[in-house]
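Novice: Quick one: this structure, given as structure tokens, is what I'll be asking you about.
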Amino acid sequence: MPIIDMKDMLNHAWRNGYAVGAFEISSLDLLQAIVSAAEQNRAPVILDIPEGEDCELLMAAAELAARRANVPAALHCRWGRDIDTAMHAARIGCNGVSVDGSGLPLGDHIELARETCDMAKTCGIACGGVLGGEEELTHVAEAKGFSEKTGIDFLEVSFSSRISGGKVKFDWTRLREIGEAVGIPLSAEAGIEWSTEQYRKLSALGVAKVTCRISLEDVAQKLIRGKATLKSLRSGLAEAVEEEAGKYMLLLGAAGRAAEILARCRIWLNVEHIVAFNAPFCSEMELRFAMKEGQRILGGIPGVRAVVAGSVTEKSARYRHCWLVLLASPAALENFRKHPHQAAFEEKLLMPATADRIVGDYTIADQDTGAEQLPVSMAHARDTEKGSSEKKWQYKWRVHHG
């Protein structure tokens with residue numbers, strides 16, 4: 001199942017009166033339980049990758065789990081405190097980021113969000129911002145100005161506060177006015193004490209993304225007394241998390257929406273920029289230097305996920321060397337082509353050494369995504385004239401391969 005464009009996913013929820021749950025992934029057990037809950041409820045899901053030293057490992061697992069899931073998923077990183085964090089999130093595979101400069105003066109906060117959003121757009125990924133917090137409600141006028149000046153795709157807002165006795169007071173009028181003022185999907189953090197009616201009000205007033213926190217500590221404490229072994233405890237923990245996540249999906253109205261998302265939202269596919277070349281006028285040392293510099297320079301361009309250099313093992317091959325540049329999206333490819341670092345590298349290092357070369361850009365799908373998701377280009381006219389139709393190709397395949 002493909003990963004879905006996160007901006008499309010949130011816009012679909014926003015326009016159709018429901019919200020998508022975003023669940024923080026802190027372990028493989030939690031990841032599996034969240035995906036299983038989404039599959040059982042036929043619900044779209046956002047997998048939140050927290051900052052930290054394990055984020056790359058968690059992201060690799062989350063990306064694979066999202067591609068293997070039979071429901072639509074998006075991969076989101078929260079909270080980026082600077083533009084470098086957001087760039088790193090795009091590089092490791094996220095297709096949505098949120099930037100939080102709430103500790104800064106408003107002007108600096110706006111500038112940080114604007115720069116991050118501009119970078120995110122070059123990568124083709126969704127970008128969200130934050131206004132307000134636990135101790136400060138979001139102001140309607142500030143939200144409107146913030147969204148207009150930054151170009152963000154969604155905005156996390158604060159519209160509730162705790163009063164005496166620990167109860168939560170909701171300012172539904174404020175939430176409605178913010179939604180009308182900004183004209184983009186809103187985001188909010190769920191509260192465990194909220195009622196079913198309060199969750200329903202969220203999506204009715206423009207909230208399309210809800211961060212759902214599941215405390216593993218709280219779940220474990222309920223289970224630990226009755227569990228005799230680590231294996232049984234882990235099993236019970238996964239079941240409890242799965243049940244809790246499923247409740248959120250039902251409350252938010254996301255359950256049963258998977259088919260709609262798949263039918264109406266864009267699929268998130270990476271692009272590979274391929275250069276196959278010969279370097280007849282370069283020494284081995286010069287060629288290795290060019291490869292190393294290419295990996296360093298091109299790897300720093302926003303939207304570039306990986307840069308791989310290689311040489312053939314078969315001496316009779318037409319082209320002996322190659323560059324493989326993995327990009328986050330078609331939008332990232334456009335930015336890559338125009339980026340000054342790429343142009344400088346091509347002019348100073350690549351072109352002088354690789355006059356004999358071929359270049360191609362390909363949208364790619366793996367075994368889990370499935371080739372049926374690719375926007376396959378039409379055949380060349382000469383191929384059509386030769387009668388290389390799908391039926392004939394399939395017939396030849398069956399003949400030669402049984």
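In the structure tokens, chains take letters A, B, ... by order of appearance, with residues numbered from 1 within each chain and ligands from 1 in the order shown.
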So that I can check the secondary structure, give me every residue of segment 208-314 of chain A assigned strand (DSSP E) by backbone DSSP, as JSON, numbers by chain.
Specialist: {"A": [208, 209, 210, 211, 267, 268, 271, 272, 273, 274, 275, 276, 277, 278, 304, 305, 306, 307, 308, 309, 310, 311]}
Novice: Filtering to C-alpha atoms, could you give me those residues as a compact mmCIF listing (two decimals), in the first residue's frame?
Specialist:
```txt
# COMPACT_ATOMS: atom_id res chain seq x y z
CA ALA A 208 -8.11 17.61 10.55
CA LYS A 209 -5.10 16.29 12.50
CA VAL A 210 -5.16 15.24 16.14
CA THR A 211 -2.07 14.18 18.06
CA ILE A 267 0.45 8.72 -3.80
CA TRP A 268 3.82 9.63 -2.33
CA VAL A 271 12.19 9.90 -7.75
CA GLU A 272 15.59 8.62 -8.82
CA HIS A 273 17.94 10.75 -10.90
CA ILE A 274 20.32 8.45 -12.78
CA VAL A 275 23.52 9.38 -14.60
CA ALA A 276 25.43 6.62 -16.40
CA PHE A 277 28.78 7.76 -17.77
CA ASN A 278 32.32 7.08 -18.92
CA VAL A 304 17.85 14.68 -1.67
CA ARG A 305 17.53 11.49 0.36
CA ALA A 306 20.66 9.66 -0.79
CA VAL A 307 23.52 9.93 -3.29
CA VAL A 308 25.16 6.73 -4.47
CA ALA A 309 28.15 6.42 -6.80
CA GLY A 310 29.08 3.17 -8.52
CA SER A 311 31.17 1.39 -11.13
```
Novice: Taking 5 positions as the minimum chain separation for residues in the same chain, which residues sit within 12 Å of segment 292-296 of chain A when counting only C-alpha atoms? Answer as a list in words.
Specialist: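 After dropping sequence-adjacent residues, the list is Val275, Met285, Glu286, Leu287, Ile301, Val304, Arg305, Ala306, Val307, Val308, Ala309, Gly310, Cys322, Trp323, Leu324, Val325, Leu326, His341, Gln342, Ala343, Ala344, Phe345, Glu346, Glu347, Lys348, Leu349 and Leu350 of chain A.
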Novice: List as a PDB file with C-alpha atoms, in the first residue's frame the protein and nucleic acid residues near Met9 of chain A, meaning an atom at most 10 Å away when only C-alpha atoms are counted, but skip any in the same chain fewer than 3 places from it.
Specialist:
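Ended up saving to selection.pdb:
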```pdb
ATOM      1  CA  ILE A   4      -0.080   9.094   0.788  1.00  0.00           C
ATOM      2  CA  ASP A   5       0.703  12.771   0.257  1.00  0.00           C
ATOM      3  CA  MET A   6       0.137  14.213   3.740  1.00  0.00           C
ATOM      4  CA  HIS A  12      -9.516  15.415   2.512  1.00  0.00           C
ATOM      5  CA  ALA A  13     -10.211  15.093   6.250  1.00  0.00           C
ATOM      6  CA  TRP A  14     -10.764  18.851   6.559  1.00  0.00           C
ATOM      7  CA  ALA A  19      -9.708  14.080  11.616  1.00  0.00           C
ATOM      8  CA  VAL A  20      -6.690  11.788  11.186  1.00  0.00           C
ATOM      9  CA  PRO A  44      -5.786   6.547   7.530  1.00  0.00           C
ATOM     10  CA  VAL A  45      -2.997   7.140  10.017  1.00  0.00           C
ATOM     11  CA  ILE A  46      -0.115   9.558  10.579  1.00  0.00           C
ATOM     12  CA  PRO A  72      -3.049   4.879   3.723  1.00  0.00           C
ATOM     13  CA  ALA A  73      -0.340   6.348   5.959  1.00  0.00           C
ATOM     14  CA  ALA A  74       1.753   9.510   6.170  1.00  0.00           C
ATOM     15  CA  ALA A 208      -8.106  17.612  10.551  1.00  0.00           C
ATOM     16  CA  LYS A 209      -5.102  16.291  12.500  1.00  0.00           C
ATOM     17  CA  GLU A 260     -11.763   7.312   0.068  1.00  0.00           C
ATOM     18  CA  ILE A 261      -8.224   8.491   0.791  1.00  0.00           C
ATOM     19  CA  LEU A 262      -6.717   6.024  -1.662  1.00  0.00           C
ATOM     20  CA  ARG A 264      -8.812  10.799  -4.022  1.00  0.00           C
ATOM     21  CA  CYS A 265      -5.331  11.588  -2.709  1.00  0.00           C
ATOM     22  CA  ARG A 266      -1.954  11.548  -4.430  1.00  0.00           C
TER      23      ARG A 266
END
```
Novice: Which residues come within 9 Å of Ser147 of chain A, counting only C-alpha atoms, excluding same-chain residues fewer than 6 positions away, as an mmCIF file with N, CA and C atoms, in the first residue's frame?
Specialist:
```cif
data_model
loop_
_atom_site.group_PDB
_atom_site.id
_atom_site.type_symbol
_atom_site.label_atom_id
_atom_site.label_comp_id
_atom_site.auth_asym_id
_atom_site.auth_seq_id
_atom_site.Cartn_x
_atom_site.Cartn_y
_atom_site.Cartn_z
ATOM 1 N N ILE A 110 7.574 33.657 13.042
ATOM 2 C CA ILE A 110 7.026 33.717 11.676
ATOM 3 C C ILE A 110 8.125 33.490 10.648
ATOM 4 N N GLY A 129 2.668 24.566 11.348
ATOM 5 C CA GLY A 129 3.196 25.455 12.365
ATOM 6 C C GLY A 129 2.422 25.317 13.661
ATOM 7 N N ASP A 153 0.759 24.626 5.609
ATOM 8 C CA ASP A 153 -0.338 23.789 5.121
ATOM 9 C C ASP A 153 -1.336 23.436 6.211
ATOM 10 N N PHE A 154 -0.923 23.470 7.480
ATOM 11 C CA PHE A 154 -1.819 23.216 8.603
ATOM 12 C C PHE A 154 -1.251 23.900 9.838
ATOM 13 N N LEU A 155 -2.128 24.175 10.803
ATOM 14 C CA LEU A 155 -1.714 24.950 11.974
ATOM 15 C C LEU A 155 -2.213 24.296 13.251
ATOM 16 N N VAL A 182 -8.154 31.308 9.072
ATOM 17 C CA VAL A 182 -6.951 30.806 8.397
ATOM 18 C C VAL A 182 -7.256 30.066 7.103
ATOM 19 N N GLY A 183 -8.398 29.385 7.022
ATOM 20 C CA GLY A 183 -8.776 28.690 5.794
ATOM 21 C C GLY A 183 -7.892 27.522 5.423
ATOM 22 N N ILE A 184 -7.251 26.899 6.416
ATOM 23 C CA ILE A 184 -6.441 25.696 6.199
ATOM 24 C C ILE A 184 -6.782 24.699 7.308
#
```
Novice: Between atom CA of Leu186 of chain A and atom CA of Val130 of chain A, what is the distance, to one decimal in Å?
Specialist: 9.9 Å
Novice: DSSP on the backbone, helix (DSSP H, G or I) only: what residues of segment 75-268 of chain A does that give? Format it as a tab-separated table (two decimals) with C-alpha atoms, in the first residue's frame.
Specialist:
```tsv
chain	number	residue	atom	x	y	z
A	83	ILE	CA	15.22	24.45	9.33
A	84	ASP	CA	18.05	21.88	9.54
A	85	THR	CA	15.83	19.53	11.54
A	86	ALA	CA	13.13	19.79	8.90
A	87	MET	CA	15.65	19.11	6.11
A	88	HIS	CA	16.88	16.06	7.99
A	89	ALA	CA	13.30	14.82	8.37
A	90	ALA	CA	12.76	15.07	4.62
A	91	ARG	CA	16.06	13.29	3.98
A	92	ILE	CA	15.17	10.27	6.13
A	106	LEU	CA	6.41	36.33	17.17
A	107	GLY	CA	8.38	37.97	14.34
A	108	ASP	CA	11.21	35.44	14.62
A	109	HIS	CA	8.69	32.63	14.94
A	110	ILE	CA	7.03	33.72	11.68
A	111	GLU	CA	10.38	33.97	9.89
A	112	LEU	CA	11.44	30.49	11.04
A	113	ALA	CA	8.12	28.99	9.91
A	114	ARG	CA	8.27	30.81	6.57
A	115	GLU	CA	11.81	29.60	5.81
A	116	THR	CA	10.95	26.06	6.86
A	117	CYS	CA	7.77	26.07	4.80
A	118	ASP	CA	9.66	27.34	1.73
A	119	MET	CA	12.18	24.53	2.15
A	120	ALA	CA	9.42	21.96	2.64
A	121	LYS	CA	7.69	23.05	-0.56
A	122	THR	CA	10.90	22.52	-2.54
A	123	CYS	CA	10.91	18.96	-1.19
A	140	VAL	CA	-7.46	34.61	16.04
A	141	ALA	CA	-5.70	37.62	14.50
A	142	GLU	CA	-2.24	36.14	15.10
A	143	ALA	CA	-3.30	32.83	13.55
A	144	LYS	CA	-4.57	34.58	10.43
A	145	GLY	CA	-1.39	36.63	10.03
A	146	PHE	CA	0.83	33.65	10.79
A	147	SER	CA	-0.77	31.42	8.16
A	148	GLU	CA	-0.74	34.16	5.50
A	149	LYS	CA	2.90	35.16	6.06
A	150	THR	CA	4.33	31.64	6.32
A	164	SER	CA	-10.12	24.71	39.19
A	165	GLY	CA	-10.53	21.04	39.99
A	166	GLY	CA	-8.42	20.00	36.99
A	172	TRP	CA	-15.25	26.43	20.89
A	173	THR	CA	-16.01	29.92	19.60
A	174	ARG	CA	-12.29	30.67	19.43
A	175	LEU	CA	-11.63	27.44	17.53
A	176	ARG	CA	-14.41	28.19	15.03
A	177	GLU	CA	-13.14	31.75	14.45
A	178	ILE	CA	-9.55	30.54	13.96
A	179	GLY	CA	-10.69	27.96	11.41
A	180	GLU	CA	-12.68	30.56	9.48
A	181	ALA	CA	-9.79	33.06	9.59
A	182	VAL	CA	-6.95	30.81	8.40
A	196	THR	CA	-17.16	11.66	22.36
A	197	GLU	CA	-19.11	14.85	21.65
A	198	GLN	CA	-16.01	16.99	22.15
A	199	TYR	CA	-14.03	14.90	19.67
A	200	ARG	CA	-16.82	15.29	17.13
A	201	LYS	CA	-16.77	19.06	17.58
A	202	LEU	CA	-13.07	19.15	16.66
A	203	SER	CA	-13.53	18.02	13.07
A	204	ALA	CA	-16.75	20.01	12.68
A	216	LEU	CA	3.10	3.18	27.50
A	217	GLU	CA	3.88	3.66	31.18
A	218	ASP	CA	0.20	3.94	32.10
A	219	VAL	CA	-0.74	0.95	29.95
A	220	ALA	CA	2.13	-1.13	31.36
A	221	GLN	CA	1.21	-0.35	34.96
A	222	LYS	CA	-2.27	-1.73	34.40
A	223	LEU	CA	-0.87	-4.95	32.96
A	224	ILE	CA	2.28	-5.66	34.91
A	230	LEU	CA	8.20	-10.54	29.64
A	231	LYS	CA	6.71	-12.15	26.53
A	232	SER	CA	3.17	-12.11	27.91
A	233	LEU	CA	3.63	-8.52	29.11
A	234	ARG	CA	4.76	-7.35	25.67
A	235	SER	CA	1.85	-9.14	24.04
A	236	GLY	CA	-0.63	-7.57	26.42
A	237	LEU	CA	0.94	-4.15	25.96
A	238	ALA	CA	0.60	-4.36	22.18
A	239	GLU	CA	-3.04	-5.41	22.45
A	240	ALA	CA	-3.81	-2.56	24.85
A	241	VAL	CA	-2.12	0.04	22.62
A	242	GLU	CA	-3.94	-1.32	19.59
A	243	GLU	CA	-7.26	-1.04	21.39
A	244	GLU	CA	-6.53	2.50	22.59
A	245	ALA	CA	-5.44	3.68	19.13
A	246	GLY	CA	-8.55	2.14	17.59
A	247	LYS	CA	-10.74	4.13	20.01
A	248	TYR	CA	-9.15	7.37	18.86
A	249	MET	CA	-9.69	6.47	15.21
A	250	LEU	CA	-13.37	5.85	15.84
A	251	LEU	CA	-13.82	9.03	17.90
A	258	ALA	CA	-9.17	4.36	3.94
A	259	ALA	CA	-10.76	3.66	0.55
A	260	GLU	CA	-11.76	7.31	0.07
A	261	ILE	CA	-8.22	8.49	0.79
A	262	LEU	CA	-6.72	6.02	-1.66
A	263	ALA	CA	-9.16	7.02	-4.39
A	264	ARG	CA	-8.81	10.80	-4.02
```
Novice: Please list as a JSON list (two decimals) with N, CA and C atoms, in the first residue's frame every residue within 12 Å of Gly52 of chain A, counting only C-alpha atoms and excluding residues in the same chain fewer than 4 positions away.
Specialist:
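The resulting selection-v7.json:
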```
[["chain", "number", "residue", "atom", "x", "y", "z"],
["A", 25, "ILE", "N", 5.67, 7.41, 17.45],
["A", 25, "ILE", "CA", 6.29, 6.09, 17.37],
["A", 25, "ILE", "C", 7.60, 6.11, 18.16],
["A", 26, "SER", "N", 7.62, 5.44, 19.29],
["A", 26, "SER", "CA", 8.82, 5.42, 20.12],
["A", 26, "SER", "C", 9.47, 4.04, 20.18],
["A", 56, "GLU", "N", 16.34, 8.07, 13.05],
["A", 56, "GLU", "CA", 16.60, 7.47, 11.74],
["A", 56, "GLU", "C", 16.22, 6.00, 11.73],
["A", 57, "LEU", "N", 16.52, 5.27, 12.80],
["A", 57, "LEU", "CA", 16.14, 3.86, 12.87],
["A", 57, "LEU", "C", 14.63, 3.71, 12.91],
["A", 58, "LEU", "N", 13.97, 4.54, 13.71],
["A", 58, "LEU", "CA", 12.51, 4.49, 13.80],
["A", 58, "LEU", "C", 11.87, 4.87, 12.47],
["A", 59, "MET", "N", 12.47, 5.85, 11.79],
["A", 59, "MET", "CA", 11.92, 6.29, 10.52],
["A", 59, "MET", "C", 12.02, 5.18, 9.47],
["A", 77, "CYS", "N", 7.26, 14.38, 11.08],
["A", 77, "CYS", "CA", 8.26, 14.65, 12.12],
["A", 77, "CYS", "C", 7.83, 15.87, 12.93],
["A", 78, "ARG", "N", 7.80, 15.74, 14.23],
["A", 78, "ARG", "CA", 7.48, 16.86, 15.11],
["A", 78, "ARG", "C", 8.42, 16.81, 16.31],
["A", 79, "TRP", "N", 8.89, 17.86, 16.84],
["A", 79, "TRP", "CA", 8.78, 19.23, 16.38],
["A", 79, "TRP", "C", 10.15, 19.68, 15.88],
["A", 80, "GLY", "N", 10.22, 20.27, 14.70],
["A", 80, "GLY", "CA", 11.46, 20.85, 14.23],
["A", 80, "GLY", "C", 11.68, 22.21, 14.89],
["A", 85, "THR", "N", 16.59, 20.69, 11.07],
["A", 85, "THR", "CA", 15.83, 19.53, 11.54],
["A", 85, "THR", "C", 14.80, 19.10, 10.51],
["A", 88, "HIS", "N", 16.49, 17.42, 7.62],
["A", 88, "HIS", "CA", 16.88, 16.06, 7.99],
["A", 88, "HIS", "C", 15.67, 15.13, 7.95],
["A", 89, "ALA", "N", 14.52, 15.63, 8.40],
["A", 89, "ALA", "CA", 13.30, 14.82, 8.37],
["A", 89, "ALA", "C", 12.94, 14.43, 6.95]]
```
Novice: Work out how far atom CA of Ala43 of chain A is from atom CA of Ala255 of chain A, in Å to one decimal.
Specialist: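 Answer for the atom CA of Ala255 of chain A to atom CA of Ala43 of chain A separation: 4.4 Å.
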Novice: Mind giving me the straight-line distance from atom CA of Ile49 of chain A to atom CA of Gln367 of chain A in Å, one decimal?
Specialist: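 Rounded to one decimal, the two atoms are 23.6 Å apart.
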Novice: Just checking: using only C-alpha atoms, which residue out of A:Asn70, A:Met351, A:Pro185, A:Asp82 ends up closest to Ile152 of chain A?
Specialist: A:Pro185
